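Dumped input14.txt below, it's compact mmCIF, C-alpha atoms:
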```txt
# COMPACT_ATOMS: atom_id res chain seq x y z
CA MET A 288 36.15 28.55 74.56
CA THR A 289 35.95 27.90 78.29
CA LEU A 290 36.83 31.02 80.28
CA ARG A 291 37.48 30.88 83.99
CA LEU A 292 36.29 34.34 84.98
CA ARG A 293 38.52 36.13 87.47
CA ARG A 294 36.45 39.30 87.71
CA ARG A 295 32.78 40.06 88.25
CA ILE A 296 30.76 40.54 85.11
CA ASP A 297 27.09 41.06 84.34
CA VAL A 298 26.09 37.51 83.46
CA THR A 299 22.95 38.76 81.70
CA ALA A 300 24.99 40.92 79.32
CA PRO A 301 28.47 39.38 79.15
CA PRO A 302 31.21 41.25 77.29
CA PRO A 303 32.77 39.82 74.10
CA GLY A 304 35.20 37.00 74.83
CA VAL A 305 32.90 35.26 77.32
CA ARG A 306 31.24 31.94 76.43
CA ILE A 307 27.44 32.13 76.45
CA ASN A 308 24.72 29.52 77.03
CA LEU A 309 23.83 29.23 73.33
CA GLY A 310 26.04 26.20 72.66
CA SER A 311 24.96 24.21 75.72
CA VAL A 312 21.23 24.95 75.23
CA ALA A 313 21.43 23.98 71.56
CA ALA A 314 23.18 20.73 72.54
CA GLU A 315 20.48 19.97 75.14
CA LEU A 316 17.81 20.34 72.46
CA GLY A 317 19.75 18.34 69.87
CA VAL A 318 20.22 21.38 67.62
CA SER A 319 23.49 21.24 65.66
CA PHE A 320 25.54 24.12 64.30
CA SER A 321 24.41 23.00 60.84
CA ASP A 322 20.78 23.53 61.94
CA LEU A 323 21.67 27.01 63.20
CA GLN A 324 23.47 27.72 59.94
CA ARG A 325 20.39 26.80 57.88
CA ALA A 326 18.11 28.90 60.09
CA THR A 327 20.28 32.03 60.09
CA GLY A 328 22.42 31.92 56.95
CA ALA A 329 25.56 32.58 59.02
CA SER A 330 28.58 30.30 58.66
CA ARG A 331 29.25 27.45 61.13
CA GLY A 332 32.50 29.12 62.14
CA ALA A 333 30.77 32.42 62.87
CA LEU A 334 28.08 30.69 64.92
CA PHE A 335 30.66 28.67 66.85
CA ASN A 336 32.55 31.90 67.58
CA LEU A 337 29.30 33.42 68.84
CA ALA A 338 28.61 30.49 71.18
CA ALA A 339 32.19 30.08 72.35
CA ALA A 340 33.21 33.71 72.80
CA GLY A 341 30.12 35.89 72.39
CA HIS A 342 31.41 37.52 69.20
CA TRP A 343 28.50 38.50 66.94
CA PRO A 344 29.14 37.79 63.23
CA ALA A 345 30.05 40.89 61.24
CA GLY A 346 27.61 41.87 58.51
CA TYR A 347 24.53 40.45 60.26
CA ASP A 348 21.80 42.29 62.13
CA ALA A 349 22.20 41.10 65.72
CA LYS A 350 18.51 41.53 66.55
CA ASP A 351 17.39 39.51 63.52
CA LEU A 352 19.98 36.82 64.24
CA ARG A 353 18.79 36.50 67.84
CA GLN A 354 15.17 36.19 66.75
CA ARG A 355 15.96 33.47 64.21
CA ILE A 356 17.97 31.44 66.71
CA GLU A 357 15.38 31.83 69.48
CA GLN A 358 12.59 30.81 67.09
CA LEU A 359 14.46 27.68 66.00
CA LEU A 360 15.23 26.62 69.58
CA ALA A 361 11.64 27.28 70.65
CA GLU A 362 10.39 25.11 67.78
CA ARG A 363 12.73 22.34 68.95
CA GLY A 364 11.17 22.34 72.40
CA GLY A 365 13.20 25.02 74.18
CA SER A 366 11.62 26.13 77.47
CA ALA A 367 11.02 29.74 78.42
CA ASP A 368 13.91 29.52 80.91
CA GLN A 369 16.29 28.17 78.26
CA ILE A 370 15.36 30.91 75.80
CA ALA A 371 15.55 33.60 78.49
CA THR A 372 19.10 32.59 79.50
CA LEU A 373 20.33 31.87 75.98
CA TRP A 374 22.52 34.99 75.78
CA HIS A 375 23.72 34.93 79.39
CA ALA A 376 27.26 33.98 80.40
CA TYR A 377 27.75 30.21 80.35
CA ASP A 378 26.54 28.64 83.60
CA ARG A 379 27.78 25.06 83.94
CA THR A 380 25.74 24.60 87.12
CA ARG A 381 22.53 25.31 85.20
CA VAL A 382 23.45 22.78 82.53
CA ARG A 383 24.22 20.10 85.11
CA ALA A 384 20.95 20.76 86.92
CA ALA A 385 19.05 20.44 83.64
CA SER A 386 20.66 17.06 82.99
CA THR A 387 19.86 15.60 86.42
CA PRO A 388 18.04 12.27 85.84
CA THR A 389 14.34 12.05 86.69
CA THR A 390 14.21 8.24 86.65
CA ASP A 391 16.30 5.55 88.27
CA ALA A 392 18.20 2.76 86.52
CA ARG A 393 14.97 0.74 86.15
CA GLY A 394 13.01 3.62 84.63
CA HIS A 395 10.95 4.36 87.79
CA PRO A 396 10.37 8.05 88.66
CA LEU A 397 12.74 9.39 91.30
CA ASP A 398 11.42 11.00 94.46
CA PRO A 399 11.92 14.79 93.91
CA ASN A 400 12.82 15.11 97.60
CA ARG A 401 15.55 12.50 97.28
CA PRO A 402 19.01 14.05 97.57
CA THR A 403 21.10 13.96 94.38
CA THR A 404 24.30 13.42 96.34
CA ARG A 405 25.25 9.96 97.51
CA PRO A 406 23.54 9.02 100.78
CA SER A 407 25.52 7.57 103.61
CA VAL A 408 25.65 3.79 103.33
CA GLY A 409 28.02 2.96 106.14
CA PRO A 410 31.39 3.86 107.53
CA ARG A 411 33.05 3.69 104.08
CA ALA A 412 30.60 6.14 102.47
CA ALA A 413 32.71 9.24 103.09
CA PRO A 414 35.12 10.30 100.32
CA ALA A 415 38.57 8.84 100.72
CA PRO A 416 41.45 11.20 101.52
CA LYS A 417 43.64 10.12 98.62
CA ASP A 418 42.92 10.03 94.89
CA THR A 419 44.86 6.79 94.44
CA ASP A 420 42.54 4.96 96.82
CA MET A 421 39.67 5.46 94.38
CA LEU A 422 41.35 4.38 91.15
CA LEU A 423 41.62 0.74 90.15
CA ALA A 424 43.97 -0.89 87.71
CA LYS A 425 42.56 -2.25 84.46
CA GLN A 426 39.74 -4.67 85.31
CA THR A 427 38.64 -7.70 83.27
CA LEU A 428 35.17 -9.21 83.56
CA SER A 429 35.58 -12.70 84.98
CA ALA A 430 34.07 -15.81 83.42
CA GLU A 431 32.04 -16.26 86.60
CA ALA A 432 30.56 -12.74 86.21
CA ARG A 433 29.80 -13.29 82.52
CA LYS A 434 27.84 -16.45 83.40
CA HIS A 435 26.18 -14.88 86.45
CA PHE A 436 24.86 -11.86 84.50
CA ALA A 437 24.48 -13.67 81.13
CA LEU A 438 26.91 -11.29 79.44
CA PHE A 439 28.73 -12.34 76.29
CA THR A 440 30.84 -9.16 76.31
CA ASN A 441 31.77 -6.63 78.97
CA PRO A 442 29.71 -3.49 78.25
CA PHE A 443 32.04 -1.53 80.51
CA ASP A 444 35.35 -2.34 78.87
CA GLY A 445 35.38 1.19 77.43
CA GLU A 446 36.37 0.11 73.92
CA VAL A 447 34.79 2.41 71.29
CA THR A 448 35.10 1.03 67.77
CA CYS A 449 32.65 3.33 65.95
CA SER A 450 30.77 6.58 66.46
CA GLU A 451 27.57 4.73 67.46
CA GLU A 452 29.38 3.31 70.51
CA MET A 453 30.50 6.73 71.73
CA PHE A 454 28.58 8.31 74.62
CA VAL A 455 27.76 11.96 73.91
CA ASN A 456 26.28 14.58 76.23
CA GLY A 457 25.97 18.34 75.85
CA GLU A 458 29.52 19.16 76.93
CA ILE A 459 31.05 16.45 74.74
CA ARG A 460 29.15 17.82 71.74
CA PHE A 461 30.68 21.23 72.40
CA VAL A 462 34.18 19.75 72.71
CA ARG A 463 33.71 17.74 69.49
CA GLU A 464 32.72 20.89 67.63
CA ALA A 465 35.75 22.77 68.96
CA CYS A 466 38.06 20.01 67.71
CA TRP A 467 36.24 19.99 64.36
CA GLN A 468 36.74 23.73 64.00
CA ALA A 469 40.47 23.28 64.64
CA ALA A 470 40.62 20.65 61.89
CA THR A 471 38.52 22.39 59.25
CA ALA A 472 38.59 26.10 60.08
CA GLY A 473 42.19 26.61 61.20
CA ARG A 474 41.49 27.39 64.86
CA PHE A 475 43.97 27.10 67.74
CA VAL A 476 42.39 24.81 70.36
CA ALA A 477 43.66 23.12 73.54
CA LEU A 478 41.68 20.11 74.77
CA VAL A 479 42.33 19.42 78.46
CA GLY A 480 41.20 16.40 80.44
CA GLU A 481 42.29 14.02 83.18
CA SER A 482 43.79 10.67 82.28
CA GLY A 483 40.88 8.44 81.29
CA SER A 484 38.49 11.32 80.57
CA GLY A 485 38.10 10.40 76.89
CA LYS A 486 40.68 12.50 75.00
CA THR A 487 41.91 9.53 72.95
CA THR A 488 38.33 8.51 72.14
CA LEU A 489 37.53 12.03 70.95
CA LEU A 490 40.68 12.07 68.84
CA ALA A 491 39.72 8.79 67.18
CA ASP A 492 36.22 10.18 66.61
CA LEU A 493 37.68 13.28 64.96
CA LYS A 494 39.84 11.24 62.59
CA GLU A 495 36.92 8.96 61.72
CA ARG A 496 34.70 11.96 61.05
CA ILE A 497 37.28 13.48 58.72
CA THR A 498 37.34 10.21 56.79
CA THR A 499 33.59 9.53 56.70
CA ASP A 500 32.74 13.14 55.77
CA ARG A 501 35.48 13.00 53.12
CA LYS A 502 36.98 16.25 54.29
CA PRO A 503 40.27 17.17 52.54
CA THR A 504 41.99 17.61 55.91
CA LEU A 505 45.60 16.52 56.37
CA VAL A 506 46.55 15.67 59.96
CA ILE A 507 50.16 16.46 60.89
CA GLU A 508 51.41 14.68 64.02
CA PRO A 509 54.95 15.44 65.22
CA SER A 510 56.44 12.57 67.21
CA VAL A 511 56.04 13.06 70.96
CA LEU A 512 57.93 9.91 71.88
CA GLY A 513 60.22 10.84 74.75
CA MET A 514 58.92 14.43 74.82
CA GLU A 515 59.32 16.16 78.16
CA GLU A 516 59.30 19.76 79.33
CA SER A 517 62.92 19.55 80.49
CA GLU A 518 66.00 18.15 78.74
CA ARG A 519 66.93 16.50 82.05
CA THR A 520 64.04 14.03 81.82
CA GLY A 521 63.56 13.71 78.06
CA LYS A 522 63.70 15.64 74.81
CA ARG A 523 61.93 18.93 74.22
CA LEU A 524 59.70 19.33 71.17
CA LYS A 525 60.96 22.48 69.47
CA ALA A 526 59.72 24.68 66.65
CA GLY A 527 62.26 23.13 64.28
CA ASP A 528 60.82 19.65 64.95
CA ILE A 529 57.30 20.92 64.21
CA LEU A 530 58.35 22.59 60.96
CA THR A 531 60.12 19.38 59.90
CA ALA A 532 56.94 17.40 60.58
CA ILE A 533 54.91 19.81 58.43
CA VAL A 534 57.36 19.58 55.55
CA LEU A 535 57.65 15.79 55.63
CA SER A 536 53.88 15.32 55.99
CA LEU A 537 53.16 17.44 52.90
CA SER A 538 56.18 16.32 50.88
CA PRO A 539 57.73 13.08 52.20
CA ALA A 540 60.56 13.14 49.66
CA ALA A 541 61.53 16.77 50.33
CA LYS A 542 64.95 17.73 51.59
CA VAL A 543 64.27 19.65 54.80
CA GLY A 544 66.08 22.97 55.17
CA GLN A 545 68.90 23.05 57.68
CA THR A 546 68.19 26.51 59.09
CA SER A 547 65.07 27.75 60.85
CA GLU A 548 64.49 30.37 58.16
CA ARG A 549 64.64 27.80 55.35
CA ARG A 550 62.36 25.36 57.17
CA THR A 551 59.82 28.11 57.89
CA ARG A 552 59.70 29.28 54.27
CA GLN A 553 59.59 25.69 53.04
CA ALA A 554 56.65 24.83 55.32
CA GLU A 555 54.84 28.04 54.39
CA ALA A 556 55.20 27.37 50.64
CA LEU A 557 53.97 23.77 50.98
CA LEU A 558 50.97 24.83 53.10
CA ALA A 559 50.08 27.58 50.64
CA GLY A 560 50.15 25.19 47.70
CA SER A 561 48.10 22.57 49.52
CA THR A 562 45.57 25.15 50.74
CA THR A 563 45.17 26.54 47.24
CA ALA A 564 44.44 22.99 46.10
CA GLY A 565 41.51 22.89 48.54
CA ASN A 566 43.04 21.14 51.55
CA SER A 567 42.93 22.11 55.20
CA HIS A 568 45.62 21.13 57.70
CA LEU A 569 45.59 20.19 61.38
CA LEU A 570 48.71 20.18 63.54
CA LEU A 571 47.95 17.67 66.27
CA ILE A 572 50.13 17.45 69.39
CA GLU A 573 49.31 14.92 72.11
CA GLU A 574 50.71 15.04 75.65
CA ALA A 575 50.78 18.82 75.27
CA HIS A 576 51.15 19.30 79.04
CA ALA A 577 54.82 18.32 78.46
CA LEU A 578 55.39 21.15 75.97
CA PRO A 579 57.90 23.78 77.10
CA VAL A 580 56.66 27.36 77.38
CA ALA A 581 58.93 28.45 74.53
CA THR A 582 57.31 25.96 72.14
CA LEU A 583 53.81 27.12 73.12
CA LYS A 584 54.81 30.66 72.20
CA HIS A 585 56.29 29.45 68.92
CA LEU A 586 53.04 27.64 68.10
CA LYS A 587 51.09 30.85 68.54
CA ARG A 588 53.45 32.67 66.18
CA LEU A 589 53.31 29.79 63.70
CA HIS A 590 49.51 29.89 63.72
CA GLU A 591 49.52 33.62 63.03
CA ARG A 592 52.10 33.41 60.23
CA MET A 593 50.66 30.47 58.29
CA ARG A 594 47.87 32.35 56.53
CA LEU A 595 47.09 32.47 52.84
CA HIS A 596 47.46 36.05 51.60
CA GLY A 597 47.72 37.10 55.25
CA ARG A 598 44.07 36.19 55.95
CA LYS A 599 42.89 32.60 55.55
CA PRO A 600 44.39 30.24 58.17
CA MET A 601 46.35 27.46 56.50
CA LEU A 602 47.02 25.52 59.69
CA GLY A 603 44.77 24.60 62.60
CA ILE A 604 46.38 23.52 65.88
CA LEU A 605 44.92 21.03 68.36
CA LEU A 606 46.73 20.39 71.64
CA LEU A 607 45.68 17.44 73.83
CA GLY A 608 46.91 17.48 77.39
CA GLN A 609 46.24 16.72 81.02
CA PRO A 610 45.22 19.40 83.58
CA GLU A 611 48.84 20.47 84.03
CA LEU A 612 48.38 22.26 80.72
CA LEU A 613 45.83 24.54 82.42
CA ASP A 614 48.46 25.47 84.99
CA THR A 615 50.64 26.67 82.13
CA LEU A 616 47.89 28.33 80.09
CA THR A 617 46.74 30.69 82.81
CA GLU A 618 46.44 34.45 82.64
CA ARG A 619 48.56 34.61 85.79
CA ASN A 620 51.52 33.24 83.83
CA HIS A 621 52.90 36.32 82.10
CA GLU A 622 55.27 34.21 80.02
CA VAL A 623 52.39 32.83 77.97
CA ARG A 624 49.98 35.76 78.00
CA GLU A 625 50.22 36.08 74.20
CA VAL A 626 49.19 32.41 73.88
CA VAL A 627 46.38 32.57 76.45
CA GLN A 628 44.71 35.41 74.56
CA ARG A 629 44.50 33.37 71.36
CA VAL A 630 44.05 29.72 72.28
CA GLU A 631 40.56 28.29 72.86
CA VAL A 632 40.68 26.02 75.92
CA VAL A 633 38.00 23.32 76.19
CA GLN A 634 37.79 20.79 78.99
CA LEU A 635 36.45 17.27 79.46
CA HIS A 636 34.66 17.35 82.82
CA PRO A 637 33.60 14.39 85.01
CA LEU A 638 30.35 12.61 84.14
CA ASP A 639 28.77 13.46 87.52
CA HIS A 640 25.00 13.88 86.90
CA ASP A 641 25.36 12.22 83.50
CA LEU A 642 26.63 9.05 85.20
CA PRO A 643 23.24 7.21 85.05
CA SER A 644 22.88 8.07 81.37
CA TYR A 645 26.42 6.89 80.66
CA LEU A 646 25.92 3.59 82.48
CA GLN A 647 22.59 2.99 80.72
CA PHE A 648 24.20 3.75 77.36
CA ARG A 649 27.05 1.30 77.99
CA ALA A 650 24.62 -1.42 79.15
CA ARG A 651 22.50 -1.04 76.03
CA GLN A 652 25.60 -1.49 73.88
CA ALA A 653 25.50 -5.09 75.15
CA GLY A 654 21.77 -5.37 74.60
CA ARG A 655 20.88 -5.04 78.28
CA GLU A 656 19.02 -2.58 80.49
CA LEU A 657 21.03 -1.12 83.36
CA GLY A 658 18.37 -2.18 85.87
CA THR A 659 19.19 -5.85 85.18
CA LEU A 660 22.79 -5.28 86.30
CA MET A 661 22.61 -2.78 89.18
CA ASP A 662 20.11 -0.84 91.25
CA ALA A 663 19.77 2.92 91.65
CA ASP A 664 21.57 3.01 95.01
CA ALA A 665 24.60 1.41 93.38
CA ILE A 666 24.90 4.40 91.04
CA ASP A 667 24.97 6.76 94.01
CA ALA A 668 27.60 4.53 95.63
CA LEU A 669 29.72 4.59 92.46
CA ARG A 670 29.60 8.38 92.43
CA GLY A 671 30.57 8.45 96.09
CA ARG A 672 33.49 6.06 95.64
CA LEU A 673 34.79 8.27 92.84
CA THR A 674 34.55 11.47 94.89
CA VAL A 675 37.71 12.24 96.82
CA LEU A 676 39.02 14.81 99.25
CA ARG A 677 42.05 16.75 98.15
CA GLN A 678 44.19 18.34 100.81
CA GLY A 679 44.91 22.06 100.60
CA VAL A 680 44.08 25.29 102.31
CA ARG A 681 40.55 23.90 102.36
CA ASN A 682 39.67 20.26 101.94
CA SER A 683 37.51 20.06 98.82
CA ALA A 684 35.57 17.22 97.23
CA VAL A 685 36.71 16.41 93.70
CA SER A 686 34.90 14.11 91.29
CA LEU A 687 36.86 11.46 89.41
CA CYS A 688 33.82 10.17 87.50
CA TYR A 689 35.70 9.84 84.23
CA PRO A 690 34.82 7.00 81.82
CA LEU A 691 37.94 4.91 82.43
CA ALA A 692 37.64 5.04 86.24
CA VAL A 693 33.89 4.34 86.05
CA ASN A 694 34.40 1.37 83.72
CA ASN A 695 37.05 -0.21 85.96
CA LEU A 696 34.99 0.24 89.13
CA VAL A 697 31.78 -1.15 87.57
CA THR A 698 33.63 -4.16 86.14
CA ALA A 699 35.14 -4.88 89.55
CA ALA A 700 31.68 -4.53 91.13
CA LEU A 701 30.19 -7.03 88.64
CA ASN A 702 32.95 -9.50 89.50
CA THR A 703 32.34 -9.00 93.22
CA ALA A 704 28.56 -9.47 92.84
CA ALA A 705 29.17 -12.76 91.03
CA GLN A 706 31.52 -13.94 93.79
CA LEU A 707 28.95 -13.06 96.47
CA GLY A 708 26.12 -14.65 94.48
CA VAL A 709 23.85 -11.58 94.61
CA PRO A 710 21.56 -10.90 91.61
CA LEU A 711 22.42 -7.21 91.21
CA VAL A 712 25.23 -4.79 92.01
CA THR A 713 24.09 -2.82 95.07
CA ALA A 714 25.62 -0.05 97.12
CA ASP A 715 27.04 -2.63 99.52
CA VAL A 716 28.69 -4.49 96.64
CA VAL A 717 30.29 -1.27 95.40
CA GLN A 718 31.64 -0.59 98.88
CA ALA A 719 33.02 -4.15 99.02
CA VAL A 720 35.23 -3.60 95.96
```
Full structure transcribed into structure tokens:
Amino acid sequence: MTLRLRRRIDVTAPPPGVRINLGSVAAELGVSFSDLQRATGASRGALFNLAAAGHWPAGYDAKDLRQRIEQLLAERGGSADQIATLWHAYDRTRVRAASTPTTDARGHPLDPNRPTTRPSVGPRAAPAPKDTDMLLAKQTLSAEARKHFALFTNPFDGEVTCSEEMFVNGEIRFVREACWQAATAGRFVALVGESGSGKTTLLADLKERITTDRKPTLVIEPSVLGMEESERTGKRLKAGDILTAIVLSLSPAAKVGQTSERRTRQAEALLAGSTTAGNSHLLLIEEAHALPVATLKHLKRLHERMRLHGRKPMLGILLLGQPELLDTLTERNHEVREVVQRVEVVQLHPLDHDLPSYLQFRARQAGRELGTLMDADAIDALRGRLTVLRQGVRNSAVSLCYPLAVNNLVTAALNTAAQLGVPLVTADVVQAV
């Protein structure tokens, strides 16, 4: 759970409810929750709850659990700094610094004194004042560029057809696990990301994982076609629509109750029977930023009610939405305070320092090394072009280094390089797009 802390806390001894560094450090070292489970004997859900919210599993000696986890991470190559900060409040800055590349696109060591921010490369190097100036429409690799760079396919078209083609860093691993817990452990999770940040790709990955792992998980997807927050612009998704979707998903031939009470009892009975049979259930709602506040509150109540014998969750909830959902799910909004206290909010952040790794990964999907397509300065220029100034009380730089925007800009740069007849994409080529 990602918490945006509004008050000062002791980061070295955070209170329960605060995400700690355990999850991010484990991801950096390639240690999965299954590995932690085998080393400690605690359940995956309990360990995820520890990493996401600092809640120590009941029935376990905290000191022994800490020692087992620290020993495992040390054996997997964890540094003294990583182990020392394992139980501190989550520090995203530390994680980003740890992931800063030490080599350029061609594999040559970077100068440690070289700035990590994009150097000035001319009058167009400064961030543009408007977000829209930085975003391109869908780009297609031209035939001229394919011939120029000897590419049979466009490695930056962004199409992910299997799990092997999906780029994964530490934060994405954490988000994937949160979605998995919603699907298999009945959690209430909200996944928030900008358009083009990879929400749809993660959703497809989740569904594929359910199938390949042969998990008895039934995904319930109410129709969001035409859904809007206000009746003036569309149709609101209401609790009755969600209950109807649950009933019809579990029993397509059922006659849905006409009253809210009948629908609720009908959905509860069907979920109980399916859960007893060994199934888990995931209520999946896309475009959740368009949900009205009333429906968000009803979802929280639905999640609390749908429990087998009052204990075991029978229904996990996964909301996928754009950043407007964060504006609704804020502790400052007293209308949804009961929801904010129970939903786990995870975010898809920009690639930023993972941009070189992402570009290299995409290039290798086409059997090429990134250094044969662009130089190191071009990567800095890409990052600069996708950094914008947003107007406000203070002008602030905001990164738009999301996969879709990166893919479109790189494709356009490859086309431009082919038109200019230069062998590689350089910073000047990026600026010429």
Could you produce a table of the residues of range 489-590 of chain A lying within 12 Å of range 447-470 of chain A, with the nearest pair of atoms per residue and their separation in Å rounded to one decimal, using only C-alpha atoms, ordered by chain and increasing residue number, as JSON lines?
```
{"residue": "A:Leu489", "atom": "CA", "partner": "A:Arg463", "partner_atom": "CA", "distance": 7.0}
{"residue": "A:Leu490", "atom": "CA", "partner": "A:Cys466", "partner_atom": "CA", "distance": 8.4}
{"residue": "A:Ala491", "atom": "CA", "partner": "A:Cys449", "partner_atom": "CA", "distance": 9.0}
{"residue": "A:Asp492", "atom": "CA", "partner": "A:Ser450", "partner_atom": "CA", "distance": 6.5}
{"residue": "A:Leu493", "atom": "CA", "partner": "A:Trp467", "partner_atom": "CA", "distance": 6.9}
{"residue": "A:Lys494", "atom": "CA", "partner": "A:Ala470", "partner_atom": "CA", "distance": 9.5}
{"residue": "A:Glu495", "atom": "CA", "partner": "A:Ser450", "partner_atom": "CA", "distance": 8.1}
{"residue": "A:Arg496", "atom": "CA", "partner": "A:Ser450", "partner_atom": "CA", "distance": 8.6}
{"residue": "A:Ile497", "atom": "CA", "partner": "A:Ala470", "partner_atom": "CA", "distance": 8.5}
{"residue": "A:Thr499", "atom": "CA", "partner": "A:Ser450", "partner_atom": "CA", "distance": 10.6}
{"residue": "A:Asp500", "atom": "CA", "partner": "A:Trp467", "partner_atom": "CA", "distance": 11.5}
{"residue": "A:Lys502", "atom": "CA", "partner": "A:Ala470", "partner_atom": "CA", "distance": 9.5}
{"residue": "A:Pro503", "atom": "CA", "partner": "A:Ala470", "partner_atom": "CA", "distance": 10.0}
{"residue": "A:Thr504", "atom": "CA", "partner": "A:Ala470", "partner_atom": "CA", "distance": 6.8}
{"residue": "A:Leu505", "atom": "CA", "partner": "A:Ala470", "partner_atom": "CA", "distance": 8.5}
{"residue": "A:Val506", "atom": "CA", "partner": "A:Ala470", "partner_atom": "CA", "distance": 8.0}
{"residue": "A:Ile507", "atom": "CA", "partner": "A:Ala470", "partner_atom": "CA", "distance": 10.5}
{"residue": "A:Asn566", "atom": "CA", "partner": "A:Ala470", "partner_atom": "CA", "distance": 10.6}
{"residue": "A:Ser567", "atom": "CA", "partner": "A:Ala470", "partner_atom": "CA", "distance": 7.2}
{"residue": "A:His568", "atom": "CA", "partner": "A:Ala470", "partner_atom": "CA", "distance": 6.5}
{"residue": "A:Leu569", "atom": "CA", "partner": "A:Ala470", "partner_atom": "CA", "distance": 5.0}
{"residue": "A:Leu570", "atom": "CA", "partner": "A:Ala470", "partner_atom": "CA", "distance": 8.3}
{"residue": "A:Leu571", "atom": "CA", "partner": "A:Ala470", "partner_atom": "CA", "distance": 9.0}
{"residue": "A:His590", "atom": "CA", "partner": "A:Ala469", "partner_atom": "CA", "distance": 11.2}
```
Which residues are near Leu657 in chain A? Cut-off 12 Å, only C-alpha atoms, ignore same chain within fewer than 4 positions. Put them as a PyMOL selection string. chain A and resi 391-394+436+442-443+642-653+661-663+665-666+697+711-712
Saved selection, atoms kept: C-alpha atoms, as a compact mmCIF listing (two decimals), in the coordinates of the input:
```txt
# COMPACT_ATOMS: atom_id res chain seq x y z
CA ASP A 391 16.30 5.55 88.27
CA ALA A 392 18.20 2.76 86.52
CA ARG A 393 14.97 0.74 86.15
CA GLY A 394 13.01 3.62 84.63
CA PHE A 436 24.86 -11.86 84.50
CA PRO A 442 29.71 -3.49 78.25
CA PHE A 443 32.04 -1.53 80.51
CA LEU A 642 26.63 9.05 85.20
CA PRO A 643 23.24 7.21 85.05
CA SER A 644 22.88 8.07 81.37
CA TYR A 645 26.42 6.89 80.66
CA LEU A 646 25.92 3.59 82.48
CA GLN A 647 22.59 2.99 80.72
CA PHE A 648 24.20 3.75 77.36
CA ARG A 649 27.05 1.30 77.99
CA ALA A 650 24.62 -1.42 79.15
CA ARG A 651 22.50 -1.04 76.03
CA GLN A 652 25.60 -1.49 73.88
CA ALA A 653 25.50 -5.09 75.15
CA MET A 661 22.61 -2.78 89.18
CA ASP A 662 20.11 -0.84 91.25
CA ALA A 663 19.77 2.92 91.65
CA ALA A 665 24.60 1.41 93.38
CA ILE A 666 24.90 4.40 91.04
CA VAL A 697 31.78 -1.15 87.57
CA LEU A 711 22.42 -7.21 91.21
CA VAL A 712 25.23 -4.79 92.01
```
Can you pull out every residue within 9 Å of range 605-611 of chain A, counting all atoms listed in the file, but drop anything in the same chain fewer than 4 positions away, and send it as a list in words? Cys466, Ala469, Ala470, Arg474, Phe475, Val476, Ala477, Leu478, Val479, Gly480, Glu481, Ser482, Lys486, Thr487, Leu490, Leu569, Leu570, Leu571, Ile572, Glu573, Glu574, Ala575, His576, Ala577, Thr615, Leu616 and Gln634 of chain A
Quick check, in Å to one decimal: how far apart do CA of Ser319 in chain A and CA of Ala338 in chain A lie? 11.9 Å
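For the set A:Thr488, A:Leu687, A:Glu431, A:Thr582, the residue with the smallest atom-to-atom gap to Glu446 in chain A is A:Thr488, counting all atoms listed in the file.
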Residues within 12 Å of Ala541 in chain A, please, as an MDAnalysis selection string. Count all atoms listed in the file; anything in the same chain fewer than 4 positions from it doesn't count. chainID A and resid 531:537 550 553:554 557
May I have the centre and edge lengths, in Å to one decimal, of an axis-aligned box around the listed atoms of range 633-644 of chain A with 4 Å added to every side, as JSON?
```
{"center_x": 30.4, "center_y": 15.3, "center_z": 81.9, "size_x": 23.1, "size_y": 24.1, "size_z": 19.3}
```
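With distances taken over all atoms listed in the file, A:Arg592 is the one residue among A:Arg523, A:Arg629, A:His375, A:Arg592 lying closest to Thr551 in chain A.
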